[in-house]
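Contents: one structure, followed by commentary.
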2 protein chains.
Amino acid sequence: MKLLEERIEKDGIVIGTDILKVDMFLNHQIDTVLLDEIGKEFYRLFKDKKVDKILTVEASGIAIAVAAARYFEVPVVFAKKSSHKYIDSDIYTVECYSYTHGSTYTMGVSKKYLPDNSDILIIDDFLAGGNASRALLNIAKQANCRVNGIGVVIEKGFQPGGKELRDAGYDLRSLAIVESMSEDGISFRHDEA
Amino acid sequence: MKLLEERIEKDGIVIGTDILKVDMFLNHQIDTVLLDEIGKEFYRLFKDKKVDKILTVEASGIAIAVAAARYFEVPVVFAKKSSHKYIDSDIYTVECYSYTHGSTYTMGVSKKYLPDNSDILIIDDFLAGGNASRALLNIAKQANCRVNGIGVVIEKGFQPGGKELRDAGYDLRSLAIVESMSEDGISFRHDEA
């Protein structure tokens, strides 16, 4: 998505060779015009899929999932993060390790919002190692739901998550795939966009 | 807002006399059609105010702030919550006690996203004691910004936050004000809606 790549080049901040901060327009301040274009693009990419609900995880996935859900005209369900384990039997949970925070948290979704046999589109802001996506896939599997697509705004193509999910057969679409980055600049991959 | 009150009556879950769960359509699953109506209503209420940015706090404020921001055509800035204190000098911070979680967290906003002299609209999902709103007001004050309005989806009118903010002169608008509630039902106040 050219508009997004241009925005990442203009306002993204690269720290070292691994951290890309997009706080200026996506993860702290949100450019609502760009956000709407992102939602529209996810709809263009997945509109032929059956989608009953869009599943994401708090906090930075919420705005993106809502922007897409407006076009699909479906509800969003966002997994909640907790540092403690749930004991509530009405919640699907999975443990997830966050490289960003260097800690493990429990991701949880109330069972009643993922009815058996639903068709799900997973949406998230970043894909790197793929831990968050795998956690959401795990929850969808517990709920006996089909995941008909995974939409990611920014994929770090130099990390293994994207390849692993594609190899596993998921229809993963990333609006921007960073091939490599440094403080001197960012290069994008286009063959899988 | 009649549509919202009807939805709270239909799908809100009251626990005791103090807890109102709206996980079905706002805080875990999000009804994107209702969300758009909420955004439109905030625009109707505050459209004559100067608004450069909408300020909210993660996670459940994000979807609502974004829904309103689409109508105002301005960016959203969401404060981040952290259990540790920031030492970064580029961030405005304030301590906030959450009754919901029974713990204190640090709310932070990067200075660069709240430029001096900006006109701010604060948006949040719930107002009860008013701690989160006061924390956002504190951050806006540190940033030397004007808060031209505070928009809340659900106010617990039997708690003191709303009266305190109105008495302090803020233009606070709540889309639904719960006068009292129990497991038998919910009554709404309409005089300040």
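A note on labels: chains of the structure tokens are A, B, ... as shown, every chain counts residues from 1, and ligands are counted from 1 in their shown order.
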
Near chain B, which residues of chain A fall within 7 Å when you count only C-alpha atoms, and what do they look like as a list in words?
His28, Gln29, Ile30, Asp31, Thr32, Glu58, Ala59, Ile62, Ala63, Val66, Ala69, Arg70, Val74, Pro75, Val76, Val77, Phe78 and Tyr113 of chain A

Write out as a PyMOL selection string each polymer residue whose atoms come within 12 Å of Gly12 in chain B, counting only C-alpha atoms; drop sequence neighbours fewer than 5 positions from it.
chain B and resi 4-7+19-27+154+178+181-186

DSSP helix (DSSP H, G or I) residues within range 21-179 of chain B, listed as a PyMOL selection string:
chain B and resi 23-27+32-46+60-72+111-113+131-142+161-167

Convert the current residue selection to file output with C-alpha atoms, as an mmCIF file, in the first residue's frame.
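After the write, selection.cif holds the following:
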data_model
loop_
_atom_site.group_PDB
_atom_site.id
_atom_site.type_symbol
_atom_site.label_atom_id
_atom_site.label_comp_id
_atom_site.auth_asym_id
_atom_site.auth_seq_id
_atom_site.Cartn_x
_atom_site.Cartn_y
_atom_site.Cartn_z
ATOM 1 C CA ASP B 23 -18.674 -6.016 26.934
ATOM 2 C CA MET B 24 -21.336 -7.081 24.453
ATOM 3 C CA PHE B 25 -21.188 -3.916 22.329
ATOM 4 C CA LEU B 26 -18.459 -1.552 23.573
ATOM 5 C CA ASN B 27 -15.659 -2.917 25.740
ATOM 6 C CA THR B 32 -19.411 -0.899 14.762
ATOM 7 C CA VAL B 33 -22.811 0.426 13.679
ATOM 8 C CA LEU B 34 -23.580 1.727 17.184
ATOM 9 C CA LEU B 35 -19.996 2.994 17.428
ATOM 10 C CA ASP B 36 -20.484 5.144 14.346
ATOM 11 C CA GLU B 37 -23.702 6.598 15.825
ATOM 12 C CA ILE B 38 -21.784 7.418 19.007
ATOM 13 C CA GLY B 39 -19.097 9.203 16.996
ATOM 14 C CA LYS B 40 -21.749 11.138 15.066
ATOM 15 C CA GLU B 41 -23.496 12.174 18.314
ATOM 16 C CA PHE B 42 -20.262 13.496 19.828
ATOM 17 C CA TYR B 43 -19.770 15.531 16.669
ATOM 18 C CA ARG B 44 -23.289 16.959 16.947
ATOM 19 C CA LEU B 45 -22.662 17.929 20.577
ATOM 20 C CA PHE B 46 -19.218 19.477 20.113
ATOM 21 C CA SER B 60 -11.442 0.974 25.583
ATOM 22 C CA GLY B 61 -11.369 4.708 24.765
ATOM 23 C CA ILE B 62 -9.619 4.171 21.439
ATOM 24 C CA ALA B 63 -12.480 2.891 19.302
ATOM 25 C CA ILE B 64 -14.813 5.633 20.560
ATOM 26 C CA ALA B 65 -12.288 8.413 20.057
ATOM 27 C CA VAL B 66 -11.573 7.206 16.525
ATOM 28 C CA ALA B 67 -15.300 7.059 15.716
ATOM 29 C CA ALA B 68 -15.677 10.700 16.799
ATOM 30 C CA ALA B 69 -12.438 11.844 15.168
ATOM 31 C CA ARG B 70 -13.636 10.710 11.739
ATOM 32 C CA TYR B 71 -16.387 13.343 11.933
ATOM 33 C CA PHE B 72 -14.109 16.065 13.305
ATOM 34 C CA LYS B 111 4.991 15.710 24.369
ATOM 35 C CA LYS B 112 5.272 16.004 20.600
ATOM 36 C CA TYR B 113 1.674 14.875 20.053
ATOM 37 C CA ASN B 131 -10.073 9.739 37.997
ATOM 38 C CA ALA B 132 -9.306 8.970 34.364
ATOM 39 C CA SER B 133 -10.824 12.274 33.176
ATOM 40 C CA ARG B 134 -8.868 14.236 35.771
ATOM 41 C CA ALA B 135 -5.680 12.453 34.707
ATOM 42 C CA LEU B 136 -6.302 13.430 31.065
ATOM 43 C CA LEU B 137 -7.083 17.011 32.149
ATOM 44 C CA ASN B 138 -3.831 17.050 34.097
ATOM 45 C CA ILE B 139 -1.894 15.959 31.011
ATOM 46 C CA ALA B 140 -3.628 18.603 28.865
ATOM 47 C CA LYS B 141 -2.726 21.238 31.463
ATOM 48 C CA GLN B 142 0.916 20.149 31.524
ATOM 49 C CA GLY B 161 -17.116 12.562 38.912
ATOM 50 C CA GLY B 162 -19.691 14.157 36.618
ATOM 51 C CA LYS B 163 -20.902 16.776 39.113
ATOM 52 C CA GLU B 164 -17.337 17.703 40.025
ATOM 53 C CA LEU B 165 -16.313 18.237 36.405
ATOM 54 C CA ARG B 166 -19.459 20.280 35.611
ATOM 55 C CA ASP B 167 -19.006 22.369 38.779
#

Using Å and a single decimal, report how far CA of Ala143 in chain B sits from CA of Glu95 in chain B.
15.8 Å

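Close contacts of Leu121 in chain B, defined as residues with an atom at most 6 Å away when counting only C-alpha atoms, with chain neighbours fewer than 6 positions off set aside, comprise Ile54, Val147, Asn148, Gly149 and Ile150 of chain B.
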
Could you give me, as a list in words, the residues within 12 Å of Tyr97 in chain B, counting only C-alpha atoms and dropping anything in the same chain fewer than 3 positions from it?
Lys81, Ser82, Ser83, Val94, Thr100, His101, Gly102, Ser103, Thr104, Tyr105, Thr106, Met107, Gly129, Gly130, Asn131, Ala132, Ser133, Arg134 and Ala135 of chain B

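A straight line drawn from CA of Asp90 in chain A to CA of Asp125 in chain B is 24.0 Å long.
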
Kindly give the distance, in Å, that separates CA of Ile120 in chain B and CA of Asp48 in chain B, rounded to a single decimal.
12.9 Å

All strand (DSSP E) residues (DSSP, backbone) inside range 32-151 of chain B, as an mmCIF file with C-alpha atoms, in the first residue's frame:
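New file part-v8.cif:
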data_model
loop_
_atom_site.group_PDB
_atom_site.id
_atom_site.type_symbol
_atom_site.label_atom_id
_atom_site.label_comp_id
_atom_site.auth_asym_id
_atom_site.auth_seq_id
_atom_site.Cartn_x
_atom_site.Cartn_y
_atom_site.Cartn_z
ATOM 1 C CA LYS B 53 -7.052 16.709 18.552
ATOM 2 C CA ILE B 54 -9.128 14.165 20.424
ATOM 3 C CA LEU B 55 -7.439 12.827 23.552
ATOM 4 C CA THR B 56 -8.358 9.501 25.143
ATOM 5 C CA VAL B 57 -6.727 6.639 27.027
ATOM 6 C CA VAL B 76 -6.626 10.883 17.979
ATOM 7 C CA VAL B 77 -3.960 10.776 20.656
ATOM 8 C CA PHE B 78 -4.334 7.990 23.180
ATOM 9 C CA ALA B 79 -2.553 8.042 26.520
ATOM 10 C CA LYS B 80 -0.690 4.844 27.307
ATOM 11 C CA LYS B 81 -0.967 3.039 30.595
ATOM 12 C CA SER B 82 2.028 1.587 32.311
ATOM 13 C CA ILE B 91 6.486 12.311 28.008
ATOM 14 C CA TYR B 92 3.813 14.022 30.087
ATOM 15 C CA THR B 93 2.820 11.636 32.855
ATOM 16 C CA VAL B 94 0.305 11.469 35.657
ATOM 17 C CA GLU B 95 -0.494 8.837 38.267
ATOM 18 C CA CYS B 96 -4.021 7.469 38.144
ATOM 19 C CA TYR B 97 -5.845 5.134 40.497
ATOM 20 C CA SER B 98 -8.202 2.656 38.836
ATOM 21 C CA SER B 103 -4.247 -0.371 41.437
ATOM 22 C CA THR B 104 -2.367 2.765 40.405
ATOM 23 C CA TYR B 105 -0.873 3.158 36.964
ATOM 24 C CA THR B 106 1.050 5.847 35.132
ATOM 25 C CA MET B 107 -0.715 7.475 32.194
ATOM 26 C CA GLY B 108 1.653 8.964 29.623
ATOM 27 C CA VAL B 109 1.504 11.000 26.404
ATOM 28 C CA SER B 110 4.501 11.964 24.270
ATOM 29 C CA ASP B 119 -7.571 22.751 21.466
ATOM 30 C CA ILE B 120 -8.503 19.362 22.855
ATOM 31 C CA LEU B 121 -11.654 17.279 23.131
ATOM 32 C CA ILE B 122 -11.404 14.486 25.703
ATOM 33 C CA ILE B 123 -13.376 11.314 24.926
ATOM 34 C CA ASP B 124 -13.766 8.240 27.117
ATOM 35 C CA ASP B 125 -16.059 5.273 27.559
ATOM 36 C CA PHE B 126 -16.985 5.571 31.251
ATOM 37 C CA LEU B 127 -17.108 8.337 33.847
ATOM 38 C CA ARG B 146 -7.256 23.989 26.250
ATOM 39 C CA VAL B 147 -9.865 21.309 26.956
ATOM 40 C CA ASN B 148 -12.965 22.544 25.146
ATOM 41 C CA GLY B 149 -15.136 19.577 25.993
ATOM 42 C CA ILE B 150 -15.311 16.170 27.618
ATOM 43 C CA GLY B 151 -17.433 13.518 25.939
#
